[in-house]
Amino acid sequence: MTDSPLVQDFATDWDHSDPQWVADPYPIWDDLRQRCPVAHTERYGGGWFPVTHAGVSEIAKDTDNFTSRNVVIGNGRPTELDLPAPIGVAPPITSDPPFHAIARRLILPAFAPGPINALEPMIRELCSSLLDGLVGEDVVNAGTKYAQYIPPGVIRGMLGFPEEDIEHFLEMVHIIMEGIDHPEEERIVEFEPVEAYFVAQMEDHIDNPRDDLTSYLLNVKLDGQNLAMEHVFGTMVLILVAGIDTTWSAIGSAIWHLAQNPEDLARLVNEPDLMPVAIEEFLRFYAPVTMARLVKHDMEYQGCPMKEDDWILLGFPAANRDPVVFKDAERFIIDRAENRHVAFGLGIHRCAGSNLARLEMRVALEEFIKRYPRFDLAEPDAVTWAPGQIRGPRNLPIRILP
Amino acid sequence: MKVRIDPEICQGQGRCFSIAPGIFDFDDLGSGVVIGDGTLTNDTIELARLAQSNCPEHAIFIEE
């Protein structure tokens with residue numbers, strides 16, 4: 001909401017697209033945690049922002065009072081069209097119990113550690129070839145030339161779409177990411193080429209089944225029946241929307257951190273076994289994803305008069321900075337041993353792609369620091385951050401040091 | 001001492017089997033499961049406690 005007036009007090013008028021929040025939200029959250037653990041806004045048709053770990057955790061797990069029918073805050077209150085309860089537009093992320101469990105069970109086996117771990121060589125090759133394309137440059141844009149390309153490349157591979165189609169696939173991804181929150185009539189028209197390409201790929205998989213996500217979705221049974229092509233297409237769109245700017249942001253934030261903290265970079269270069277522990281701290285400290293809920297019915301929560309269809313901005317990144325739960329919460333500690341962060345959410349909507357996200361982060365960072373063991377920010381002020389519910393650096397020029 | 005995972009609480013966050021793969025494994029849906037009967041030895045108790053202290057869902061229990 002770039003035309004909105006600037007926020008004066010985030011306790012009574014929060015806005016996650018306010019320039020101050022987009023640039024650096026953490027001081028805002030620290031301040032709110034002290035004086036207003038559930039902040040309010042009249043923007044977006046009205047909403048609430050719990051900022052403590054306890055509040056975020058309680059609401060994430062309370063599917064009786066809070067619904068997932070819409071998880072991305074729109075410009076106003078949701079309309080009936082937005083809310084085909086209890087399934088939602090993109091199951092299972094927009095589903096409530098009991099349907100949620102059915103939709104989730106369909107996709108979880110494809111994202112369990114077994115099939116995901118098998119992707120490591122493919123991801124490593126992708127990262128390595130992206131870095132090959134940057135050879136000889138003194139300044140590399142780790143956002144637009146590296147992190148941004150990793151998740152779509154990985155998902156193309158998972159879906160088993162042809163490698164030579166990558167440019168076309170990236171175009172299709174771009175159409176989806178741009179159009180996903182457009183009104184339904186516009187979206188249907190915009191998605192026509194996407195649907196045509198995806199259906200052609202599905203048909204090829206029906207004729208030539210293979211061991212990939214597309215064949216899995218075409219063969220998985222719901223009540224003994226195969227899924228309709230529209231359902232398979234919808235699930236593919238969800239996987240793309242949920243899996244791209246999220247992971248890209250997580251990779252970019254980690255590189256941004258390492259560019260400014262040479263001692264952390266040196267430790268990762270010299271102690272490769274530290275990487276999995278470091279990944280969890282990157283996830284805690286720079287959690288990219290904030291989800292939304294809707295209040296199901298008029299109720300009072302922690303003294304707040306919540307109305308039906310008020311938005312809840314479910315601040316998992318804010319919960320991760322709560323000093324009640326995390327010792328030295330405001331410090332990045334690369335070898336933090338106890339780390340109950342909630343970057344992937346809590347409860348039944350735990351990010352279904354978390355195993356994939358962690359693998360992509362680990363391989364992307366391993367390959368980057370192997371190629372560039374020393375680097376810093378080329379232009380700190382040129383780094384831009386995505387507004388809205390997914391936070392991460394977009395323009396990220398990195399200067400390679402000898 | 002024995003370790004167990006409450007399957008009603010576990011959401012498949014994946015921390016336990018990453019931290020302590022000798023003690024925990026995962027099932028076809030990616031949920032955490034305890035290997036064997038969960039009996040802990042002096043050699044494994046610390047690692048089990050570390051996994052417990054990293055579970056965001058508080059789904060791991062260590063009992064006498």
# chains A, B, ... in the order shown; residues from 1 in each chain; ligands from 1

call {"tool": "interface_residues", "arguments": {"of": "chain B", "to": "chain A", "cutoff": "12 Å", "atoms": "only C-alpha atoms", "output": "compact mmCIF listing (two decimals) with C-alpha atoms, in the first residue's frame"}}
result
# COMPACT_ATOMS: atom_id res chain seq x y z
CA GLU B 8 -0.73 -36.01 18.30
CA ILE B 9 1.64 -33.10 18.92
CA CYS B 10 4.35 -33.82 16.32
CA GLN B 11 3.88 -31.86 13.09
CA GLY B 12 6.94 -33.07 11.24
CA GLN B 13 9.13 -30.03 11.92
CA GLY B 14 12.06 -32.39 11.36
CA ARG B 15 14.44 -31.20 14.05
CA CYS B 16 14.77 -34.43 16.05
CA PHE B 17 15.90 -36.77 13.28
CA SER B 18 18.31 -34.13 11.96
CA ILE B 19 19.96 -33.57 15.34
CA ASP B 25 13.78 -41.39 12.29
CA PHE B 26 10.93 -40.17 10.07
CA ASP B 27 7.91 -41.91 8.60
CA ASP B 28 6.41 -41.65 5.11
CA LEU B 29 4.67 -38.38 5.99
CA GLY B 30 7.82 -36.84 7.47
CA SER B 31 6.70 -37.11 11.10
CA GLY B 32 9.31 -37.93 13.72
CA LEU B 47 21.65 -35.89 22.35
CA ARG B 49 17.77 -33.81 25.39
CA LEU B 50 19.27 -31.57 22.71
CA ALA B 51 16.66 -32.76 20.20
CA GLN B 52 13.94 -32.21 22.81
CA SER B 53 15.09 -28.66 23.41
CA ASN B 54 14.92 -27.92 19.68
CA CYS B 55 11.41 -29.25 19.03
CA PRO B 56 9.21 -26.22 18.28
CA GLU B 57 6.06 -28.24 19.01
CA HIS B 58 7.26 -29.62 22.38
CA ALA B 59 6.37 -33.11 21.16

call {"tool": "residues_around", "arguments": {"residues": "Ile5 (chain B)", "least_positions_apart": "3", "cutoff": "7 Å", "atoms": "only C-alpha atoms", "output": "list in words"}}
result
Val33, Val34, Ala59, Ile60 and Phe61 of chain B

call {"tool": "write_last_selection", "arguments": {"atoms": "N, CA and C atoms", "output": "CSV table (one decimal), in the first residue's frame"}}
result
chain,number,residue,atom,x,y,z
B,33,VAL,N,9.7,-40.2,14.4
B,33,VAL,CA,9.4,-41.4,15.2
B,33,VAL,C,10.7,-41.9,15.9
B,34,VAL,N,10.5,-42.5,17.0
B,34,VAL,CA,11.6,-43.0,17.8
B,34,VAL,C,12.0,-44.4,17.3
B,59,ALA,N,7.0,-31.8,21.3
B,59,ALA,CA,6.4,-33.1,21.2
B,59,ALA,C,7.2,-34.2,21.7
B,60,ILE,N,8.4,-33.9,22.2
B,60,ILE,CA,9.3,-35.0,22.7
B,60,ILE,C,9.3,-35.1,24.2
B,61,PHE,N,9.2,-36.3,24.7
B,61,PHE,CA,9.1,-36.5,26.2
B,61,PHE,C,10.2,-37.5,26.6

call {"tool": "select_by_dssp", "arguments": {"residues": "chain B", "states": "strand (DSSP E or B)", "output": "number ranges by chain"}}
result
B: 2-5, 24-26, 32-34, 39, 60-63

call {"tool": "select_by_dssp", "arguments": {"residues": "region 7-47 of chain B", "states": "helix (DSSP H, G or I)", "output": "PyMOL selection string"}}
result
chain B and resi 15-19+45-47

call {"tool": "atom_distance", "arguments": {"atom1": "CA of Phe326 (chain A)", "atom2": "CA of Val56 (chain A)"}}
result
14.6 Å

call {"tool": "closest_residue", "arguments": {"among": "A:Leu134, A:Ile255, A:Ile279, A:Leu294", "to": "Thr63 (chain A)", "atoms": "only C-alpha atoms"}}
result
A:Leu294

call {"tool": "closest_residue", "arguments": {"among": "B:Arg4, B:Leu40, B:Ala48, B:Glu63", "to": "Pro21 (chain B)", "atoms": "only C-alpha atoms"}}
result
B:Ala48

call {"tool": "atom_distance", "arguments": {"atom1": "CA of Leu274 (chain A)", "atom2": "CA of Pro152 (chain A)"}}
result
26.8 Å

call {"tool": "residues_around", "arguments": {"residues": "Asp37 (chain B)", "least_positions_apart": "5", "cutoff": "12 Å", "atoms": "only C-alpha atoms", "output": "PDB file with C-alpha atoms, in the first residue's frame"}}
result
ATOM      1  CA  MET B   1      15.242 -43.419  30.754  1.00  0.00           C
ATOM      2  CA  LYS B   2      13.069 -43.555  27.667  1.00  0.00           C
ATOM      3  CA  VAL B   3      12.270 -41.047  24.964  1.00  0.00           C
ATOM      4  CA  ARG B   4       8.965 -40.869  23.112  1.00  0.00           C
ATOM      5  CA  ILE B   5       7.286 -38.587  20.583  1.00  0.00           C
ATOM      6  CA  ILE B  23      17.621 -41.952  18.117  1.00  0.00           C
ATOM      7  CA  PHE B  24      14.923 -40.611  15.804  1.00  0.00           C
TER       8      PHE B  24
END

call {"tool": "atom_distance", "arguments": {"atom1": "CA of Trp21 (chain A)", "atom2": "CA of Val7 (chain A)"}}
result
9.3 Å
